[in-house]
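S.K.: Sending over coords12.pdb (PDB, C-alpha atoms and all ligand atoms).
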ATOM      1  CA  MET A  13      91.950  14.172 -82.211
ATOM      2  CA  LYS A  14      88.422  15.361 -81.729
ATOM      3  CA  ARG A  15      88.024  12.934 -78.883
ATOM      4  CA  PHE A  16      91.158  14.228 -77.214
ATOM      5  CA  ASN A  17      89.948  17.803 -77.410
ATOM      6  CA  THR A  18      86.659  16.901 -75.799
ATOM      7  CA  LEU A  19      88.440  15.151 -72.986
ATOM      8  CA  ALA A  20      90.771  18.085 -72.402
ATOM      9  CA  LEU A  21      87.818  20.436 -72.367
ATOM     10  CA  ARG A  22      85.971  18.265 -69.907
ATOM     11  CA  THR A  23      89.001  18.081 -67.610
ATOM     12  CA  ALA A  24      89.363  21.847 -67.701
ATOM     13  CA  THR A  25      85.683  22.240 -66.849
ATOM     14  CA  VAL A  26      85.995  19.913 -63.876
ATOM     15  CA  ILE A  27      89.051  21.752 -62.588
ATOM     16  CA  GLY A  28      87.248  25.073 -62.973
ATOM     17  CA  ALA A  29      84.205  23.776 -61.110
ATOM     18  CA  LEU A  30      86.391  22.463 -58.296
ATOM     19  CA  ALA A  31      88.134  25.805 -57.919
ATOM     20  CA  LEU A  32      84.770  27.569 -57.758
ATOM     21  CA  ALA A  33      83.437  25.107 -55.202
ATOM     22  CA  GLY A  34      86.521  25.715 -53.072
ATOM     23  CA  THR A  35      85.883  29.466 -52.999
ATOM     24  CA  ALA A  36      82.194  29.010 -52.241
ATOM     25  CA  LEU A  37      82.994  26.606 -49.449
ATOM     26  CA  ALA A  38      85.533  28.946 -47.869
ATOM     27  CA  ASN A  39      83.011  31.795 -47.985
ATOM     28  CA  GLU A  40      80.265  29.602 -46.585
ATOM     29  CA  GLU A  41      82.497  28.585 -43.690
ATOM     30  CA  LYS A  42      83.476  32.168 -43.041
ATOM     31  CA  TRP A  43      79.857  33.244 -43.145
ATOM     32  CA  GLN A  44      78.745  30.643 -40.629
ATOM     33  CA  LYS A  45      81.554  31.592 -38.304
ATOM     34  CA  LEU A  46      80.560  35.239 -38.458
ATOM     35  CA  ASP A  47      76.755  34.989 -38.321
ATOM     36  CA  THR A  48      76.764  33.658 -34.771
ATOM     37  CA  ASN A  49      73.041  34.194 -34.095
ATOM     38  CA  GLY A  50      72.134  32.719 -37.481
ATOM     39  CA  ASP A  51      69.725  35.479 -38.526
ATOM     40  CA  GLY A  52      71.193  35.626 -42.029
ATOM     41  CA  MET A  53      72.934  38.959 -41.442
ATOM     42  CA  ILE A  54      76.349  39.844 -40.075
ATOM     43  CA  SER A  55      75.918  42.724 -37.664
ATOM     44  CA  ALA A  56      78.744  45.119 -36.780
ATOM     45  CA  GLN A  57      79.067  43.328 -33.423
ATOM     46  CA  GLU A  58      79.317  39.918 -35.061
ATOM     47  CA  HIS A  59      81.892  41.226 -37.508
ATOM     48  CA  ASP A  60      83.881  42.777 -34.645
ATOM     49  CA  ALA A  61      83.783  39.571 -32.637
ATOM     50  CA  GLY A  62      84.906  37.583 -35.682
ATOM     51  CA  ALA A  63      87.778  39.986 -36.316
ATOM     52  CA  THR A  64      88.868  39.771 -32.664
ATOM     53  CA  ALA A  65      88.811  35.968 -32.792
ATOM     54  CA  MET A  66      90.818  36.064 -36.016
ATOM     55  CA  PHE A  67      93.347  38.412 -34.423
ATOM     56  CA  GLN A  68      93.800  36.192 -31.378
ATOM     57  CA  GLU A  69      94.157  33.148 -33.582
ATOM     58  CA  ALA A  70      96.853  34.797 -35.697
ATOM     59  CA  ASP A  71      98.777  36.262 -32.733
ATOM     60  CA  ALA A  72     100.566  32.996 -32.021
ATOM     61  CA  ASP A  73     102.897  34.323 -29.328
ATOM     62  CA  GLY A  74     100.150  36.391 -27.699
ATOM     63  CA  ASP A  75     102.151  39.618 -27.532
ATOM     64  CA  GLY A  76      99.247  41.698 -28.829
ATOM     65  CA  SER A  77     100.468  42.252 -32.361
ATOM     66  CA  ILE A  78     100.636  40.221 -35.541
ATOM     67  CA  THR A  79     103.906  40.043 -37.436
ATOM     68  CA  ALA A  80     104.216  38.967 -41.075
ATOM     69  CA  ALA A  81     105.579  35.596 -39.889
ATOM     70  CA  GLU A  82     102.561  35.064 -37.640
ATOM     71  CA  MET A  83     100.196  35.983 -40.453
ATOM     72  CA  ASP A  84     102.037  33.627 -42.812
ATOM     73  CA  SER A  85     101.607  30.665 -40.497
ATOM     74  CA  ALA A  86      97.964  31.581 -39.767
ATOM     75  CA  HIS A  87      97.232  31.523 -43.492
ATOM     76  CA  ALA A  88      99.229  28.342 -44.007
ATOM     77  CA  ALA A  89      97.143  26.668 -41.290
ATOM     78  CA  LYS A  90      94.008  27.597 -43.199
ATOM     79  CA  GLY A  91      95.303  26.126 -46.445
ATOM     80  CA  GLY A  92      97.197  29.141 -47.726
ATOM     81  CA  ALA A  93      95.100  30.398 -50.632
ATOM     82  CA  HIS A  94      94.795  34.112 -50.162
ATOM     83  CA  GLY A  95      94.735  36.894 -52.700
ATOM     84  CA  LYS A  96      97.326  39.089 -50.997
ATOM     85  CA  SER A  97     100.638  38.320 -49.385
ATOM     86  CA  SER A  98     100.990  38.676 -45.624
ATOM     87  CA  ALA A  99     103.427  41.539 -46.052
ATOM     88  CA  GLU A 100     100.896  43.406 -48.181
ATOM     89  CA  MET A 101      98.108  42.864 -45.688
ATOM     90  CA  ILE A 102     100.281  43.980 -42.782
ATOM     91  CA  GLN A 103     101.364  47.054 -44.687
ATOM     92  CA  LYS A 104      97.741  47.955 -45.332
ATOM     93  CA  MET A 105      96.748  47.789 -41.678
ATOM     94  CA  ASP A 106     100.032  48.860 -40.050
ATOM     95  CA  THR A 107      99.211  52.550 -39.681
ATOM     96  CA  ASP A 108     102.079  53.371 -37.299
ATOM     97  CA  GLY A 109     104.582  51.542 -39.558
ATOM     98  CA  ASP A 110     106.245  49.384 -36.903
ATOM     99  CA  GLY A 111     105.967  46.326 -39.157
ATOM    100  CA  ALA A 112     103.324  44.554 -37.052
ATOM    101  CA  VAL A 113      99.559  44.876 -36.715
ATOM    102  CA  SER A 114      98.378  45.765 -33.210
ATOM    103  CA  ALA A 115      94.893  44.917 -31.929
ATOM    104  CA  ALA A 116      93.812  48.533 -32.472
ATOM    105  CA  GLU A 117      95.199  48.598 -36.008
ATOM    106  CA  HIS A 118      93.484  45.289 -36.732
ATOM    107  CA  ALA A 119      90.161  46.556 -35.343
ATOM    108  CA  ALA A 120      90.389  49.679 -37.496
ATOM    109  CA  GLY A 121      91.130  47.540 -40.548
ATOM    110  CA  ALA A 122      88.185  45.271 -39.743
ATOM    111  CA  GLN A 123      85.893  48.268 -39.385
ATOM    112  CA  GLU A 124      86.982  49.542 -42.761
ATOM    113  CA  LYS A 125      86.247  46.146 -44.270
ATOM    114  CA  MET A 126      82.827  46.096 -42.628
ATOM    115  CA  THR A 127      82.034  49.490 -44.161
ATOM    116  CA  LYS A 128      83.176  48.234 -47.548
ATOM    117  CA  LEU A 129      81.117  45.045 -47.309
ATOM    118  CA  ASP A 130      77.988  46.844 -46.117
ATOM    119  CA  ALA A 131      77.092  48.169 -49.548
ATOM    120  CA  ASP A 132      73.700  49.637 -48.583
ATOM    121  CA  GLY A 133      75.046  51.061 -45.304
ATOM    122  CA  ASP A 134      72.344  49.631 -43.023
ATOM    123  CA  GLY A 135      74.926  48.412 -40.485
ATOM    124  CA  ASN A 136      74.445  44.753 -41.372
ATOM    125  CA  ILE A 137      76.108  42.616 -43.997
ATOM    126  CA  SER A 138      73.628  40.518 -45.936
ATOM    127  CA  GLN A 139      74.694  37.284 -47.578
ATOM    128  CA  ALA A 140      74.462  38.933 -50.985
ATOM    129  CA  GLU A 141      76.717  41.797 -49.875
ATOM    130  CA  PHE A 142      79.147  39.285 -48.381
ATOM    131  CA  GLU A 143      79.329  37.203 -51.525
ATOM    132  CA  ALA A 144      79.637  40.203 -53.794
ATOM    133  CA  LYS A 145      82.669  41.698 -52.086
ATOM    134  CA  ASN A 146      84.431  38.950 -50.215
ATOM    135  CA  ASP A 147      87.923  37.882 -51.330
ATOM    136  CA  ARG A 148      87.585  37.121 -54.978
TER     137      ARG A 148
HETATM  138 CA    CA A 201      73.654  37.685 -37.357
HETATM  139 CA    CA A 202     102.253  38.470 -32.073
HETATM  140 CA    CA A 203     101.703  48.725 -36.199
END
Starting from the file, lay out its structure as structure tokens.

M.R.:
Amino acid sequence: MKRFNTLALRTATVIGALALAGTALANEEKWQKLDTNGDGMISAQEHDAGATAMFQEADADGDGSITAAEMDSAHAAKGGAHGKSSAEMIQKMDTDGDGAVSAAEHAAGAQEKMTKLDADGDGNISQAEFEAKNDR
């Protein structure tokens, strides 16, 4: 019985470690995509460029706005795991309430996120700021 408990505990620990590694890896990938000049900071321009690339990637039919269906398939392509549902994310950014996120609405949302991530307000996101606030 004692042996079984140890094994179960060990399995749980491994699963927990794997889940953590997955999150770290996703963040690491995101970071490298965003820090295009590799100076260890994400500038406002780099964040903007990353958000624009993300928008274009998600706008599958290229009509200049992202619907919930487009966001769903964009997330599914990336492996799904996301804290919020597509509908929730759209609702948050869809300021004119037409049910889709336009490029302007997306840019405004990205800017808000940049402000949130940039905890010390110096206009750059450091790796520590990124890790502290990003999708947990
Ligand atoms: Ca940089
Ligand atoms: Ca679209
Ligand atoms: Ca809209």

S.K.: Neighbours of ligand CA 203 (chain A) within 12 Å, counting all atoms listed in the file, as a VMD selection string?

M.R.: chain A and resid 76 to 80 101 to 121

S.K.: Quick check, in Å to one decimal: how far apart do CA of Ala140 in chain A and CA of Met66 in chain A lie?

M.R.: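 Interatomic distance, CA of Ala140 in chain A to CA of Met66 in chain A: 22.4 Å.
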
S.K.: Which chains and residue numbers are within 6 Å of ligand CA 201 (chain A), counting all atoms listed in the file, if I want them as a list in words?

M.R.: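 Written in the requested form, the residues are Asp47, Thr48, Asn49, Gly50, Asp51, Gly52, Met53, Ile54 and Ser55 of chain A.
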
S.K.: Report, in Å with one decimal, the straight-line distance from CA of Ala122 in chain A to CA of Gln44 in chain A.

M.R.: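 Going from CA of Ala122 in chain A over to CA of Gln44 in chain A, I get 17.4 Å.
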
S.K.: Go through A:Glu141, A:Asp73, A:Glu58, A:Glu40 and flag the residue nearest ligand CA 202 (chain A), using all atoms listed in the file for the distances.

M.R.: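 Of all the options, A:Asp73 lies closest to ligand CA 202 (chain A).
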
S.K.: Which residue is closest to Gly62 in chain A? Choose from A:Gln123, A:Ser98, A:Ser85, A:Ser138 and count all atoms listed in the file.

M.R.: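 Using all atoms listed in the file, Gly62 in chain A sits closest to A:Gln123.
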
S.K.: Using CA of Glu41 in chain A and CA of Ala131 in chain A as the two end points, give the distance in Å to one decimal.

M.R.: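 Separation between CA of Glu41 in chain A and CA of Ala131 in chain A: 21.1 Å.
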
S.K.: Kindly indicate which residue among A:Ala99, A:Ala70, A:Ile137, A:Ala89 lies nearest to ligand CA 202 (chain A), using only C-alpha atoms and all ligand atoms for the distances.

M.R.: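 Of A:Ala99, A:Ala70, A:Ile137, A:Ala89, the one nearest ligand CA 202 (chain A) is A:Ala70, counting only C-alpha atoms and all ligand atoms.
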
S.K.: Pick the closest to Asp84 in chain A from A:Asp130, A:Glu143, A:Asp71, A:Asp60: which is it, counting all atoms listed in the file?

M.R.: A:Asp71

S.K.: Between A:Gln68, A:Ser97, A:Phe142, A:Thr127, single out the one closest to Ala81 in chain A, counting all atoms listed in the file.

M.R.: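 Of all the options, A:Ser97 lies closest to Ala81 in chain A.
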
S.K.: Any chance you could work out the axis-aligned box around range 97-111 of chain A, listed atoms only, 8 Å on each side, giving centre and edge lengths in Å to one decimal, as AutoDock Vina command-line options?

M.R.:
--center_x 101.5 --center_y 45.8 --center_z -43.1 --size_x 25.5 --size_y 31.1 --size_z 28.5

S.K.: Tell me which of A:Asn136, A:Ala72, A:Lys42, A:Leu37 sits closest to Ala86 in chain A, counting all atoms listed in the file.

M.R.: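 Distance minimum relative to Ala86 in chain A lands on A:Ala72.
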
S.K.: Could range 122-137 of chain A be completed with N, CA and C atoms and written as a short mmCIF file (atom, residue, chain, number, x, y, z; two decimals), in the frame of the given file, please?

M.R.:
data_model
loop_
_atom_site.label_atom_id
_atom_site.label_comp_id
_atom_site.auth_asym_id
_atom_site.auth_seq_id
_atom_site.Cartn_x
_atom_site.Cartn_y
_atom_site.Cartn_z
N ALA A 122 89.41 46.06 -39.67
CA ALA A 122 88.18 45.27 -39.74
C ALA A 122 86.97 46.19 -39.94
N GLN A 123 87.00 47.33 -39.27
CA GLN A 123 85.89 48.27 -39.38
C GLN A 123 85.78 48.79 -40.80
N GLU A 124 86.95 49.05 -41.38
CA GLU A 124 86.98 49.54 -42.76
C GLU A 124 86.40 48.50 -43.70
N LYS A 125 86.74 47.23 -43.43
CA LYS A 125 86.25 46.15 -44.27
C LYS A 125 84.73 46.02 -44.13
N MET A 126 84.27 46.18 -42.89
CA MET A 126 82.83 46.10 -42.63
C MET A 126 82.10 47.18 -43.44
N THR A 127 82.64 48.38 -43.41
CA THR A 127 82.03 49.49 -44.16
C THR A 127 82.00 49.18 -45.65
N LYS A 128 83.10 48.57 -46.13
CA LYS A 128 83.18 48.23 -47.55
C LYS A 128 82.16 47.15 -47.92
N LEU A 129 82.03 46.15 -47.02
CA LEU A 129 81.12 45.04 -47.31
C LEU A 129 79.66 45.48 -47.24
N ASP A 130 79.37 46.40 -46.33
CA ASP A 130 77.99 46.84 -46.12
C ASP A 130 77.59 47.85 -47.19
N ALA A 131 77.30 47.31 -48.37
CA ALA A 131 77.09 48.17 -49.55
C ALA A 131 75.94 49.15 -49.37
N ASP A 132 74.84 48.74 -48.73
CA ASP A 132 73.70 49.64 -48.58
C ASP A 132 73.75 50.44 -47.28
N GLY A 133 74.83 50.23 -46.48
CA GLY A 133 75.05 51.06 -45.30
C GLY A 133 74.02 50.94 -44.19
N ASP A 134 73.34 49.78 -44.09
CA ASP A 134 72.34 49.63 -43.02
C ASP A 134 72.94 49.06 -41.74
N GLY A 135 74.27 48.89 -41.69
CA GLY A 135 74.93 48.41 -40.48
C GLY A 135 74.97 46.90 -40.37
N ASN A 136 74.39 46.21 -41.33
CA ASN A 136 74.44 44.75 -41.37
C ASN A 136 74.98 44.32 -42.73
N ILE A 137 75.67 43.18 -42.72
CA ILE A 137 76.11 42.62 -44.00
C ILE A 137 75.17 41.47 -44.35
#
